[in-house]
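In what follows, a structure is listed as structure tokens, so that the remarks can point back to it.
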Amino acid sequence: MKIGVLALQGDFALHRKALDRIGVASVEVRMPGQLEEVAGLIMPGGESTTLLKLMDAWDFVPALEKFHTAGKPIFGTCAGMILLAREVQSPAQFSLGLIDLTVERNAYGRQKESFEAVGSADLGRGRIPLKMVFIRAPRIRRLGPAATPLAEYQGECVMARQGTVLVAAFHPELTDEPAVHEYFARMVRAAT
């Protein structure tokens with residue numbers, strides 16, 4: 001099993017290090033054809049409008065839709081969550097619509113308001129405290145009926161799943177906590 005990390009922009013190298021720490025093979029995905037070589041995909045944080053421009057330039061959208069239709073798991077963090085949501089606000093922008101969420105960009109504040117916190121999560125093995133890093137993070141404003149909340153911070157959902165799509169408003173790759181990447185690896189194993 002190999003997990004791809006979209007390597008167009010953002011903190012893709014840290015996601016690969018997090019996967020290394022839990023013993024999961026990974027590869028940087030820079031071209032749409034590489035999606036055929038991986039069993040799951042992480043779409044990292046970064047800047048969502050820049051990611052959209054790069055994805056458009058390389059014609060990634062049809063390849064990602066095909067990847068999703070094939071039942072392969074996708075995990076989007078921060079900007080990745082924005083790209084996977086059904087609706088994006090502040091401002092509105094194109095998204096793939098693969099998870100029934102409405103997200104508001106930069107809702108936790110600008111770069112200087114970035115922060116670390118401890119929330120809680122239930123990732124299939126009971127509720128646990130979870131370290132979270134929020135950097136210009138989007139906020140989940142609406143959670144559709146098909147989406148399941150998995151983690152919260154101060155009473156708000158910050159991580160959710162719908163079928164094979166997992167999203168988080170925070171950056172799990174910036175902590176030494178393996179639980180989120182382990183959860184996604186279990187999703188990928190279950191789908192293969």
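Letters A, B, ... mark the chains of the structure tokens in the order given; residue numbers begin at 1 per chain; ligand numbers begin at 1, in order shown.
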DSSP-assigned strand (DSSP E or B) members of stretch 79-187 of chain A, reported as a count of residues only = 49
Please identify every residue of stretch 90-148 of chain A that has at least one atom no farther than 10 Å from an atom of stretch 30-53 of chain A, counting only C-alpha atoms, and for each give the shortest atom pair and the distance in Å to one decimal, arranged by chain then increasing number, as a tab-separated table.
residue	atom	partner	partner_atom	distance
A:Gln93	CA	A:Thr49	CA	8.1
A:Phe94	CA	A:Leu52	CA	8.1
A:Ser95	CA	A:Leu52	CA	8.4
A:Arg105	CA	A:Ser48	CA	9.0
A:Ile135	CA	A:Gly45	CA	9.0
A:Arg136	CA	A:Glu47	CA	9.4
A:Ala137	CA	A:Gly45	CA	9.1
Which of stretch 8-99 of chain A DSSP labels helix (DSSP H, G or I), written as an MDAnalysis selection string | chainID A and resid 12:21 32:37 48:57 60:69 79:84
Skip A:Leu123 itself and residues of its chain fewer than 3 positions away, then list as a list of chain:residue names all residues within 10 Å of it, counting only C-alpha atoms.
->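 Non-adjacent residues within range: A:Ser120, A:Gly126, A:Arg127, A:Ile128, A:Pro149, A:Leu150, A:Ala151, A:Ala179, A:Val180, A:Glu182, A:Tyr183, A:Phe184.
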Convert the current residue selection to file output with C-alpha atoms, as a PDB file, in the first residue's frame.
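What landed in out_11.pdb:
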ATOM      1  CA  SER A 120     -10.709  15.802  21.183  1.00  0.00           C
ATOM      2  CA  GLY A 126     -12.732   5.863  21.777  1.00  0.00           C
ATOM      3  CA  ARG A 127     -12.444   9.592  22.464  1.00  0.00           C
ATOM      4  CA  ILE A 128      -8.882  10.881  22.868  1.00  0.00           C
ATOM      5  CA  PRO A 149     -17.866  14.663  12.793  1.00  0.00           C
ATOM      6  CA  LEU A 150     -14.693  13.025  14.129  1.00  0.00           C
ATOM      7  CA  ALA A 151     -12.889  15.751  16.087  1.00  0.00           C
ATOM      8  CA  ALA A 179      -3.496   9.236  15.434  1.00  0.00           C
ATOM      9  CA  VAL A 180      -4.863  11.137  12.415  1.00  0.00           C
ATOM     10  CA  GLU A 182      -2.965   6.217  11.399  1.00  0.00           C
ATOM     11  CA  TYR A 183      -6.732   6.689  10.970  1.00  0.00           C
ATOM     12  CA  PHE A 184      -6.308   7.643   7.312  1.00  0.00           C
TER      13      PHE A 184
END
Can you tell me how far atom CA of A:Leu174 sits from atom CA of A:Met132, in Å to one decimal?
-> 8.1 Å
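The coordinates place atom CA of A:Ile74 at 11.0 Å from atom CA of A:Ala191.
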